[in-house]
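> One structure, pasted below without further comment.
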Number of protein chains: 2
Amino acid sequence: MSDSSLRHRKGEITLTVRGPDRQPLADQVVTVAQDRHAFAFGNIGFDFVDLVGGPAEETTSVESFGGDSRLDLDRLGELWLDVFNTATLPFYWGRYEPRRGAPDTERLTATARWLAERGVTVKGHPLVWHTVQPSWLLGLELDEVERLLRARVRDLAGGFAGLIDTWDAINEAVIMPVFANGDNAITPLARARGRIHLVRLAFEEARAANPAATLVLNDFDLSSAYECLIEGVLEAGVRIDAIGLQTHMHQGYRGEEYMRQMLDRFARYGLPLHLTETTLVSGHLMPPEIEDLNDYQIPHWPSTPEGEARQAEEVERHYRSLLAHPAVQSINYWGLTDRGAWLGAPAGLVRTDGSPKPAYDTLKALVKGEWWLSPTELRTGADGTVTVAGFLGDYTVAVGDRATRFTIDAPDTTATVDLS
Amino acid sequence: MSDSSLRHRKGEITLTVRGPDRQPLADQVVTVAQDRHAFAFGNIGFDFVDLVGGPAEETTSVESFGGDSRLDLDRLGELWLDVFNTATLPFYWGRYEPRRGAPDTERLTATARWLAERGVTVKGHPLVWHTVQPSWLLGLELDEVERLLRARVRDLAGGFAGLIDTWDAINEAVIMPVFANGDNAITPLARARGRIHLVRLAFEEARAANPAATLVLNDFDLSSAYECLIEGVLEAGVRIDAIGLQTHMHQGYRGEEYMRQMLDRFARYGLPLHLTETTLVSGHLMPPEIEDLNDYQIPHWPSTPEGEARQAEEVERHYRSLLAHPAVQSINYWGLTDRGAWLGAPAGLVRTDGSPKPAYDTLKALVKGEWWLSPTELRTGADGTVTVAGFLGDYTVAVGDRATRFTIDAPDTTATVDLS
């Protein structure tokens with residue numbers, strides 16, 4: 001199903017450009033520029049929570065990563081916004097509400113707003129999961145856990161509606177009832193009531209609280225198990241908006257052929273595919289025998305020149321191959337800088353000292369170069385029309401200091417725009 | 001959940017034994033003996049098809065195994081019936097109906113009847129599968145394949161009702177839509193319409209044709225994938241009567257702890273567990289890197305003295321541990337003799353020359369020894385009662401040449417029996 005020409009990512013629009021007097025501007029030089037990709041080029045925005053929202057009031061002992069306090073907000077924001085248009089913010093229950101009844105709403109709201117003001121689509125991760133759990137949930141009755149979980153899903157999906165309209169509704173449901181790498185209150189609930197019960201809970205509560213939300217089923221298990229879960233969920237009548245596919249490749253890039261076959265398997269369900277968690281390291285690879293990536297704990301995992309060269313090459317191959325598959329709607333990279341990266345891995349696109357790695361430049365050269373229309377002068381015809389071809393997304397057309405926006409959202413369309 | 005005392009397998013009954021005059025037989029010596037286990041100790045009965053039903057009329061090039069023509073029917077029957085009470089007969093589509101419209105009904109009916117007349121419960125395997133397929137099915141339209149598949153399921157389940165009331169309704173649905181080890185017409189159907197569609201098709205057609213049937217969902221994939229499939233199937237409202245768990249251990253016995261954990265995972269659904277396909281070899285082990293067991297093809301796979309000793313020990317450990325788990329309702333061993341065994345493996349309990357291996361004697365010593373009540377003399381009390389303790393199953397009580405049957409089907413019951 002792949003098409004490396006990326007023609008399915010592109011469109012062409014014939015604009016009739018008119019002046020403030022609604023008359024076509026014949027034979028005029030206009031400047032056309034792309035403002036935004038329709039495709040979601042995402043990254044986590046965890047670092048911004050402290051930088052925008054200030055330090056957390058509650059301290060917590062649960063797993064925490066993504067908190068680069070070395071770069072200031074301006075520099076981090078510049079690096080981030082130069083490439084990405086979609087940010088995932090952390091709503092892990094144990095970090096968001098380490099003390100029962102005292103959720104971290106204000107800092108997350110401020111961060112989401114800061115990103116939204118800069119044109120970034122904000123996504124929340126995850127509403128339901130069994131890891132990074134608050135300790136106060138342990139020991140409660142199953143009914144009480146389910147009641148609290150439902151309330152959390154409603155409160156988040158409803159409370160952030162309009163600011164955050166995309167959520168990983170449930171994370172890693174395949175392993176949820178048999179997860180054995182840490183006590184938590186969600187695994188026993190999933191074991192007693194079943195995976196589909198938990199999936200339905202997540203989607204139905206979130207949907208009721210924010211009917212406009214895009215709700216994602218997300219998993220790292222890309223085997224037949226996930227297919228079986230998806231088939232069961234769909235058969236049960238639960239509406240899911242996208243299939244989330246994690247690809248933390250700390251153990252090595254899996255290659256285009258693996259990805260194509262994997263995407264084909266999940267594209268069968270006719271749903272958009274979101275590559276929700278993408279990692280390619282710029283250091284040595286994690287040994288293949290590690291099953292739960294969390295079990296690999298080393299004091300120092302350096303980024304190396306050879307690793308950085310390999311990472312840059314793999315990032316390019318990976319993004320090209322993913323965009324070539326029409327079912328893919330978003331790619332979310334898992335971290336901008338190496339500081340505070342998950343597992344201490346050199347997974348970032350920026351080094352700990354704040355300098356971009358080759359992978360950063362490579363990705364930027366695709367997203368804002370090869371796949372992007374930089375300001376370009378075109379000349380309208382005698383009828384005031386000009387044809388613009390480019391990647392699907394938002395554009396501006398300007399003559400002098402008069403400008404207006406338009407969108408390329410289909411292979412071949414026409415529109416009339418009035419400069420004002 | 002395991003209990004090695006096997007108390008859940010046993011019961012006690014207090015019988016009031018009466019004579020033909022309906023008076024209690026006080027202070028009398030009675031002989032009590034077990035006739036049958038309630039637990040299904042099964043084996044495949046493929047060898048019997050040729051021996052009872054005669055040679056096949058149609059020749060076929062599809063995979064075939066289980067056809068020991070070296071032992072005669074008396075000897076094979078004796079070895080088989082001394083240990084087992086439940087037989088699985090082969091209904092692989094490609095072998096059962098190698099020529100379209102000419103099913104092998106007569107031979108299978110004769111074989112099933114021969115077994116049933118000897119007190120054996122007969123099971124059919126499998127109604128729906130993607131392997132051992134007839135070549136005439138290839139190239140037909142999906143709708144036609146589905147129509148023919150539905151007709152086959154109905155014809156078999158309905159046509160054999162009363163003689164065969166247990167079926168593997170569908171085999172290996174987890175891999176069915178992504179199976180890549182041989183062209184067949186069922187994989188494309190499963191890919192296009194989904195696993196749950198095929199499972200529902202199998203169960204609903206079979207149920208409609210034989211409402212009394214015990215219908216089994218059977219798989220070799222014992223991972224989370226199978227759990228997810230089961231949850232989806234149950235959520236979809238398909239009624240399944242037992243969960244079938246294959247354990248072909250050509251690559252080595254997996255041990256009690258693996259089995260206990262695996263059984264616990266599948267016991268969560270509250271359904272009986274059938275260990276449908278059990279293999280432990282008495283020769284060298286298949287290398288662990290083989291993924292599809294069918295890919296291991298060697299000219300000669302001998303049974304060895306060391307292998308036979310190991311097999312005997314493992315058969316004992318395996319059966320003890322499976323019976324200890326209350327959810328397990330049947331164990332079906334996959335072959336009696338090594339002749340014609342699947343993959344040419346020394347998987348049988350009897351050598352190619354017809355002599356029993358140690359594993360045969362070990363298993364018989366459990367099933368018809370330690371777990372069995374051989375004829376035993378007991379004395380009734382003054383009120384004509386006698387208490388019999390034993391494994392759940394059917395028994396006979398006799399005084400002289402007067403006898404009658406009774407059943408132990410609960411931990412502690414009473415009954416009155418009249419000798420006649």
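Numbering starts fresh at 1 for the residues of each chain in the structure tokens, the chains themselves are lettered A, B, ... in the order given, and ligands are numbered from 1 as they appear.
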Please report as an MDAnalysis selection string which residues of chain A come no farther than 6 Å from chain B, using only C-alpha atoms.

chainID A and resid 224:225 228:229 232 236

> Could you take the residues named above and write them with all heavy atoms, as a tab-separated table (two decimals), in the first residue's frame?


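The resulting file, part.tsv, is reproduced below:
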```tsv
chain	number	residue	atom	x	y	z
A	224	SER	N	-0.11	-10.12	16.67
A	224	SER	CA	-1.50	-10.53	16.47
A	224	SER	C	-2.37	-10.23	17.67
A	224	SER	O	-3.59	-10.09	17.54
A	224	SER	CB	-1.57	-12.04	16.20
A	224	SER	OG	-1.08	-12.34	14.93
A	225	ALA	N	-1.75	-10.14	18.84
A	225	ALA	CA	-2.54	-9.87	20.05
A	225	ALA	C	-3.27	-8.55	19.91
A	225	ALA	O	-4.45	-8.44	20.26
A	225	ALA	CB	-1.63	-9.85	21.28
A	228	CYS	N	-6.12	-8.86	17.53
A	228	CYS	CA	-7.27	-9.53	18.17
A	228	CYS	C	-8.01	-8.57	19.09
A	228	CYS	O	-9.24	-8.57	19.13
A	228	CYS	CB	-6.79	-10.76	18.95
A	228	CYS	SG	-6.25	-12.13	17.90
A	229	LEU	N	-7.25	-7.75	19.83
A	229	LEU	CA	-7.89	-6.78	20.71
A	229	LEU	C	-8.72	-5.79	19.89
A	229	LEU	O	-9.88	-5.51	20.22
A	229	LEU	CB	-6.85	-6.03	21.54
A	229	LEU	CG	-7.45	-4.95	22.45
A	229	LEU	CD1	-8.25	-5.55	23.59
A	229	LEU	CD2	-6.38	-4.01	22.98
A	232	GLY	N	-11.87	-7.33	18.61
A	232	GLY	CA	-12.84	-7.50	19.69
A	232	GLY	C	-13.50	-6.19	20.06
A	232	GLY	O	-14.71	-6.12	20.28
A	236	ALA	N	-17.33	-5.17	19.53
A	236	ALA	CA	-18.12	-4.79	20.71
A	236	ALA	C	-18.79	-3.43	20.51
A	236	ALA	O	-19.52	-2.97	21.39
A	236	ALA	CB	-17.23	-4.77	21.94
```

> Looking only at strand (DSSP E or B) from DSSP on the backbone, list the matching residues of region 265-357 of chain B as a short mmCIF file (atom, residue, chain, number, x, y, z; two decimals) with C-alpha atoms, in the first residue's frame.


```
data_model
loop_
_atom_site.label_atom_id
_atom_site.label_comp_id
_atom_site.auth_asym_id
_atom_site.auth_seq_id
_atom_site.Cartn_x
_atom_site.Cartn_y
_atom_site.Cartn_z
CA LEU B 273 -10.12 -25.88 29.64
CA HIS B 274 -9.42 -28.69 27.17
CA LEU B 275 -5.79 -29.63 26.61
CA THR B 276 -6.60 -30.67 23.08
CA GLU B 277 -3.26 -31.57 21.57
CA THR B 278 -0.56 -32.85 23.87
CA THR B 279 2.83 -34.04 22.67
CA LEU B 280 6.00 -35.03 24.54
CA VAL B 328 -9.02 -28.66 33.19
CA GLN B 329 -11.70 -30.99 31.88
CA SER B 330 -9.81 -33.04 29.33
CA ILE B 331 -6.35 -33.96 28.12
CA ASN B 332 -5.98 -35.29 24.63
CA TYR B 333 -2.66 -36.91 23.78
CA THR B 337 2.11 -45.05 18.20
CA VAL B 350 3.98 -46.99 21.76
CA PRO B 356 4.65 -49.83 24.80
#
```

> From region 47-220 of chain B, collect each residue whose DSSP state is alpha helix (DSSP H) and return the set as a VMD selection string.

chain B and resid 47 to 53 73 to 81 93 to 96 105 to 117 142 to 159 186 to 193 195 to 209

> List as a VMD selection string the protein and nucleic acid residues near Leu76 (chain A), meaning an atom at most 9 Å away when only C-alpha atoms are counted, but skip any in the same chain fewer than 2 places from it.

chain A and resid 47 to 48 68 71 to 74 78 to 81 336 to 337 354

> Rounded to one decimal place, report the CA of Pro103 (chain A)-CA of Gly42 (chain A) distance in Å.

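If I compute the distance from CA of Pro103 (chain A) to CA of Gly42 (chain A), I get 25.3 Å.
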
> With region 242-262 of chain B as the partner and 10 Å as the cut-off, tabulate the residues of region 290-323 of chain B that qualify, each row holding the nearest pair of atoms and their distance in Å to one decimal, using only C-alpha atoms, sorted by chain and rising number, as a Markdown table.


```
| residue | atom | partner | partner_atom | distance |
| --- | --- | --- | --- | --- |
| B:Ile290 | CA | B:Gln251 | CA | 8.7 |
| B:Leu293 | CA | B:His250 | CA | 8.0 |
| B:Arg310 | CA | B:Tyr253 | CA | 9.7 |
| B:Gln311 | CA | B:Tyr253 | CA | 8.8 |
| B:Glu314 | CA | B:Tyr253 | CA | 6.9 |
| B:Val315 | CA | B:Tyr253 | CA | 9.0 |
| B:Arg317 | CA | B:Glu256 | CA | 7.3 |
| B:His318 | CA | B:Glu256 | CA | 6.8 |
| B:Tyr319 | CA | B:Glu256 | CA | 9.7 |
| B:Arg320 | CA | B:Glu256 | CA | 9.1 |
| B:Ser321 | CA | B:Glu256 | CA | 6.1 |
| B:Leu322 | CA | B:Met259 | CA | 7.7 |
```

> Just to be explicit: take each residue in the selection above, keep all heavy atoms, and write the result as an mmCIF file, in the first residue's frame.


```
data_model
loop_
_atom_site.group_PDB
_atom_site.id
_atom_site.type_symbol
_atom_site.label_atom_id
_atom_site.label_comp_id
_atom_site.auth_asym_id
_atom_site.auth_seq_id
_atom_site.Cartn_x
_atom_site.Cartn_y
_atom_site.Cartn_z
ATOM 1 N N ILE B 290 12.959 -23.103 15.668
ATOM 2 C CA ILE B 290 11.884 -23.404 14.722
ATOM 3 C C ILE B 290 10.599 -22.723 15.204
ATOM 4 O O ILE B 290 10.183 -22.921 16.337
ATOM 5 C CB ILE B 290 11.644 -24.931 14.635
ATOM 6 C CG1 ILE B 290 12.929 -25.680 14.278
ATOM 7 C CG2 ILE B 290 10.506 -25.243 13.661
ATOM 8 C CD1 ILE B 290 13.350 -25.573 12.848
ATOM 9 N N LEU B 293 6.271 -25.510 13.672
ATOM 10 C CA LEU B 293 6.782 -26.872 13.850
ATOM 11 C C LEU B 293 6.814 -27.639 12.535
ATOM 12 O O LEU B 293 7.661 -28.499 12.328
ATOM 13 C CB LEU B 293 5.932 -27.646 14.873
ATOM 14 C CG LEU B 293 5.793 -27.051 16.287
ATOM 15 C CD1 LEU B 293 5.126 -28.055 17.219
ATOM 16 C CD2 LEU B 293 7.135 -26.621 16.862
ATOM 17 N N ARG B 310 12.908 -39.932 29.751
ATOM 18 C CA ARG B 310 12.504 -38.536 29.983
ATOM 19 C C ARG B 310 11.014 -38.354 29.688
ATOM 20 O O ARG B 310 10.279 -37.728 30.448
ATOM 21 C CB ARG B 310 13.339 -37.616 29.091
ATOM 22 C CG ARG B 310 13.142 -36.136 29.374
ATOM 23 C CD ARG B 310 13.714 -35.277 28.248
ATOM 24 N NE ARG B 310 13.003 -35.542 26.998
ATOM 25 C CZ ARG B 310 13.587 -35.761 25.821
ATOM 26 N NH1 ARG B 310 14.900 -35.736 25.722
ATOM 27 N NH2 ARG B 310 12.855 -36.002 24.739
ATOM 28 N N GLN B 311 10.575 -38.916 28.571
ATOM 29 C CA GLN B 311 9.158 -38.782 28.202
ATOM 30 C C GLN B 311 8.249 -39.354 29.294
ATOM 31 O O GLN B 311 7.235 -38.737 29.642
ATOM 32 C CB GLN B 311 8.895 -39.500 26.876
ATOM 33 C CG GLN B 311 7.458 -39.361 26.369
ATOM 34 C CD GLN B 311 7.115 -40.391 25.301
ATOM 35 O OE1 GLN B 311 7.543 -41.548 25.374
ATOM 36 N NE2 GLN B 311 6.358 -39.971 24.300
ATOM 37 N N GLU B 314 8.134 -36.977 32.142
ATOM 38 C CA GLU B 314 7.406 -35.746 31.817
ATOM 39 C C GLU B 314 5.903 -35.988 31.662
ATOM 40 O O GLU B 314 5.089 -35.148 32.044
ATOM 41 C CB GLU B 314 7.987 -35.126 30.543
ATOM 42 C CG GLU B 314 9.387 -34.566 30.766
ATOM 43 C CD GLU B 314 10.085 -34.146 29.483
ATOM 44 O OE1 GLU B 314 9.585 -34.461 28.377
ATOM 45 O OE2 GLU B 314 11.161 -33.509 29.585
ATOM 46 N N VAL B 315 5.547 -37.132 31.090
ATOM 47 C CA VAL B 315 4.121 -37.464 30.976
ATOM 48 C C VAL B 315 3.498 -37.504 32.368
ATOM 49 O O VAL B 315 2.422 -36.933 32.606
ATOM 50 C CB VAL B 315 3.928 -38.809 30.238
ATOM 51 C CG1 VAL B 315 2.558 -39.397 30.528
ATOM 52 C CG2 VAL B 315 4.119 -38.618 28.730
ATOM 53 N N ARG B 317 4.568 -36.009 35.191
ATOM 54 C CA ARG B 317 4.519 -34.647 35.766
ATOM 55 C C ARG B 317 3.413 -33.827 35.107
ATOM 56 O O ARG B 317 2.670 -33.105 35.785
ATOM 57 C CB ARG B 317 5.869 -33.956 35.566
ATOM 58 C CG ARG B 317 6.985 -34.523 36.450
ATOM 59 C CD ARG B 317 8.346 -33.960 36.056
ATOM 60 N NE ARG B 317 8.374 -32.507 36.077
ATOM 61 C CZ ARG B 317 9.331 -31.763 35.510
ATOM 62 N NH1 ARG B 317 10.340 -32.347 34.877
ATOM 63 N NH2 ARG B 317 9.282 -30.453 35.573
ATOM 64 N N HIS B 318 3.327 -33.958 33.786
ATOM 65 C CA HIS B 318 2.372 -33.139 33.045
ATOM 66 C C HIS B 318 0.926 -33.510 33.404
ATOM 67 O O HIS B 318 0.104 -32.640 33.709
ATOM 68 C CB HIS B 318 2.625 -33.329 31.548
ATOM 69 C CG HIS B 318 1.895 -32.356 30.681
ATOM 70 N ND1 HIS B 318 1.882 -31.003 30.941
ATOM 71 C CD2 HIS B 318 1.154 -32.535 29.557
ATOM 72 C CE1 HIS B 318 1.157 -30.393 30.005
ATOM 73 N NE2 HIS B 318 0.706 -31.301 29.160
ATOM 74 N N TYR B 319 0.624 -34.789 33.397
ATOM 75 C CA TYR B 319 -0.751 -35.191 33.713
ATOM 76 C C TYR B 319 -1.097 -34.850 35.162
ATOM 77 O O TYR B 319 -2.204 -34.386 35.448
ATOM 78 C CB TYR B 319 -0.954 -36.684 33.417
ATOM 79 C CG TYR B 319 -1.336 -36.934 31.973
ATOM 80 C CD1 TYR B 319 -0.392 -36.820 30.964
ATOM 81 C CD2 TYR B 319 -2.636 -37.262 31.613
ATOM 82 C CE1 TYR B 319 -0.733 -37.024 29.629
ATOM 83 C CE2 TYR B 319 -2.989 -37.475 30.278
ATOM 84 C CZ TYR B 319 -2.034 -37.357 29.293
ATOM 85 O OH TYR B 319 -2.391 -37.554 27.976
ATOM 86 N N ARG B 320 -0.154 -35.079 36.081
ATOM 87 C CA ARG B 320 -0.429 -34.730 37.483
ATOM 88 C C ARG B 320 -0.739 -33.237 37.624
ATOM 89 O O ARG B 320 -1.670 -32.835 38.307
ATOM 90 C CB ARG B 320 0.774 -35.067 38.364
ATOM 91 C CG ARG B 320 0.907 -36.524 38.716
ATOM 92 C CD ARG B 320 1.907 -36.728 39.870
ATOM 93 N NE ARG B 320 2.250 -38.135 40.019
ATOM 94 C CZ ARG B 320 1.486 -39.018 40.662
ATOM 95 N NH1 ARG B 320 0.340 -38.637 41.209
ATOM 96 N NH2 ARG B 320 1.861 -40.285 40.756
ATOM 97 N N SER B 321 0.076 -32.408 36.956
ATOM 98 C CA SER B 321 -0.108 -30.966 37.131
ATOM 99 C C SER B 321 -1.391 -30.496 36.456
ATOM 100 O O SER B 321 -2.053 -29.582 36.945
ATOM 101 C CB SER B 321 1.109 -30.200 36.602
ATOM 102 O OG SER B 321 1.084 -30.124 35.196
ATOM 103 N N LEU B 322 -1.749 -31.102 35.343
ATOM 104 C CA LEU B 322 -2.978 -30.679 34.661
ATOM 105 C C LEU B 322 -4.211 -31.104 35.461
ATOM 106 O O LEU B 322 -5.160 -30.330 35.610
ATOM 107 C CB LEU B 322 -3.039 -31.272 33.252
ATOM 108 C CG LEU B 322 -1.992 -30.761 32.254
ATOM 109 C CD1 LEU B 322 -2.222 -31.400 30.887
ATOM 110 C CD2 LEU B 322 -2.031 -29.244 32.130
#
```

> To one decimal place in Å, what is the distance between CA of Ile13 (chain A) and CA of Val388 (chain A)?

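So the answer is 5.4 Å.
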
> Please compute the CA of Phe203 (chain B)-CA of Arg100 (chain B) distance, one decimal, in Å.

23.2 Å

> Would you mind listing what lies within 9 Å of region 159-166 of chain A as an mmCIF file with N, CA and C atoms, in the first residue's frame, with only C-alpha atoms counted and same-chain residues fewer than 6 positions away left out?


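Result went into result.cif, see below:
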```cif
data_model
loop_
_atom_site.group_PDB
_atom_site.id
_atom_site.type_symbol
_atom_site.label_atom_id
_atom_site.label_comp_id
_atom_site.auth_asym_id
_atom_site.auth_seq_id
_atom_site.Cartn_x
_atom_site.Cartn_y
_atom_site.Cartn_z
ATOM 1 N N THR A 109 -2.681 23.180 32.099
ATOM 2 C CA THR A 109 -3.495 24.120 31.324
ATOM 3 C C THR A 109 -2.619 25.230 30.755
ATOM 4 N N ALA A 112 -0.485 23.765 27.901
ATOM 5 C CA ALA A 112 -1.289 23.501 26.702
ATOM 6 C C ALA A 112 -1.647 24.810 26.004
ATOM 7 N N ARG A 113 -1.965 25.826 26.813
ATOM 8 C CA ARG A 113 -2.357 27.113 26.235
ATOM 9 C C ARG A 113 -1.158 27.762 25.521
ATOM 10 N N ALA A 116 -0.773 25.982 22.279
ATOM 11 C CA ALA A 116 -1.879 26.275 21.360
ATOM 12 C C ALA A 116 -1.723 27.669 20.767
ATOM 13 N N THR A 121 -1.060 21.778 17.900
ATOM 14 C CA THR A 121 -2.157 20.915 18.341
ATOM 15 C C THR A 121 -1.675 20.138 19.565
ATOM 16 N N VAL A 122 -2.477 20.129 20.605
ATOM 17 C CA VAL A 122 -2.037 19.472 21.835
ATOM 18 C C VAL A 122 -2.817 18.176 22.045
ATOM 19 N N LYS A 123 -2.064 17.147 22.411
ATOM 20 C CA LYS A 123 -2.637 15.826 22.674
ATOM 21 C C LYS A 123 -2.315 15.422 24.109
ATOM 22 N N GLY A 124 -3.237 14.724 24.761
ATOM 23 C CA GLY A 124 -3.000 14.248 26.123
ATOM 24 C C GLY A 124 -2.720 12.762 26.158
ATOM 25 N N HIS A 125 -1.829 12.379 27.066
ATOM 26 C CA HIS A 125 -1.365 10.981 27.144
ATOM 27 C C HIS A 125 -1.168 10.595 28.592
ATOM 28 N N ALA A 209 -17.637 13.082 27.607
ATOM 29 C CA ALA A 209 -17.170 14.355 28.158
ATOM 30 C C ALA A 209 -16.694 15.313 27.078
ATOM 31 N N ASN A 210 -16.250 14.776 25.948
ATOM 32 C CA ASN A 210 -15.795 15.632 24.838
ATOM 33 C C ASN A 210 -16.116 14.945 23.510
ATOM 34 N N ALA A 212 -16.184 15.879 20.627
ATOM 35 C CA ALA A 212 -15.369 16.268 19.475
ATOM 36 C C ALA A 212 -13.979 15.653 19.513
ATOM 37 N N ALA A 213 -13.664 14.925 20.568
ATOM 38 C CA ALA A 213 -12.287 14.444 20.734
ATOM 39 C C ALA A 213 -11.934 13.340 19.742
ATOM 40 N N THR A 214 -10.660 13.311 19.336
ATOM 41 C CA THR A 214 -10.071 12.194 18.606
ATOM 42 C C THR A 214 -9.472 11.261 19.648
ATOM 43 N N LEU A 215 -10.026 10.050 19.753
ATOM 44 C CA LEU A 215 -9.623 9.129 20.819
ATOM 45 C C LEU A 215 -8.839 7.957 20.236
ATOM 46 N N VAL A 216 -7.663 7.734 20.794
ATOM 47 C CA VAL A 216 -6.696 6.781 20.241
ATOM 48 C C VAL A 216 -6.561 5.573 21.167
#
```

> Do a neighbour search on Thr352 (chain A) at 12 Å with only C-alpha atoms, toss out local chain neighbours closer than 5 positions, and write the hits as a PyMOL selection string.

chain A and resi 67-71+76+301-303+335-341+344-347+357

> Skip Thr413 (chain B) itself and residues of its chain fewer than 5 positions away, then list as an NGL selection string all residues within 9 Å of it, counting only C-alpha atoms.

:B and (11-15 or 408)

> Would you mind exporting N, CA, C and O atoms of the selected residues as a CSV table (one decimal), in the first residue's frame?


```csv
chain,number,residue,atom,x,y,z
B,11,GLY,N,-14.8,-38.0,44.7
B,11,GLY,CA,-16.0,-37.9,45.4
B,11,GLY,C,-16.2,-39.1,46.3
B,11,GLY,O,-15.5,-40.1,46.3
B,12,GLU,N,-17.3,-39.0,47.0
B,12,GLU,CA,-17.6,-40.1,48.0
B,12,GLU,C,-19.1,-40.3,47.9
B,12,GLU,O,-19.9,-39.3,47.8
B,13,ILE,N,-19.5,-41.5,47.8
B,13,ILE,CA,-21.0,-41.8,47.8
B,13,ILE,C,-21.4,-42.8,48.8
B,13,ILE,O,-20.6,-43.8,49.0
B,14,THR,N,-22.4,-42.6,49.5
B,14,THR,CA,-23.0,-43.6,50.4
B,14,THR,C,-24.1,-44.3,49.8
B,14,THR,O,-25.2,-43.7,49.5
B,15,LEU,N,-23.9,-45.6,49.4
B,15,LEU,CA,-24.9,-46.3,48.7
B,15,LEU,C,-25.7,-47.2,49.7
B,15,LEU,O,-25.2,-47.8,50.6
B,408,ILE,N,-20.3,-41.6,40.7
B,408,ILE,CA,-19.8,-40.6,41.6
B,408,ILE,C,-19.6,-39.3,40.9
B,408,ILE,O,-18.7,-39.2,40.0
```

> Give me, as an MDAnalysis selection string, all polymer residues having an atom no more than 10 Å from Arg402 (chain A), counting only C-alpha atoms and skipping those fewer than 3 positions away in the same chain.

chainID A and resid 19:20 397:399 418:420

> Could you dump the residues just selected with C-alpha atoms as an mmCIF file, in the first residue's frame?


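The file below, part02.cif, is the result:
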```cif
data_model
loop_
_atom_site.group_PDB
_atom_site.id
_atom_site.type_symbol
_atom_site.label_atom_id
_atom_site.label_comp_id
_atom_site.auth_asym_id
_atom_site.auth_seq_id
_atom_site.Cartn_x
_atom_site.Cartn_y
_atom_site.Cartn_z
ATOM 1 C CA GLY A 19 -7.893 42.550 -4.180
ATOM 2 C CA PRO A 20 -9.853 44.418 -1.516
ATOM 3 C CA VAL A 397 -0.718 34.216 -0.188
ATOM 4 C CA ALA A 398 0.470 37.841 -0.029
ATOM 5 C CA VAL A 399 0.931 40.854 -2.242
ATOM 6 C CA ASP A 418 -9.573 38.058 -1.163
ATOM 7 C CA LEU A 419 -6.522 39.948 0.056
ATOM 8 C CA SER A 420 -7.388 42.442 2.727
#
```
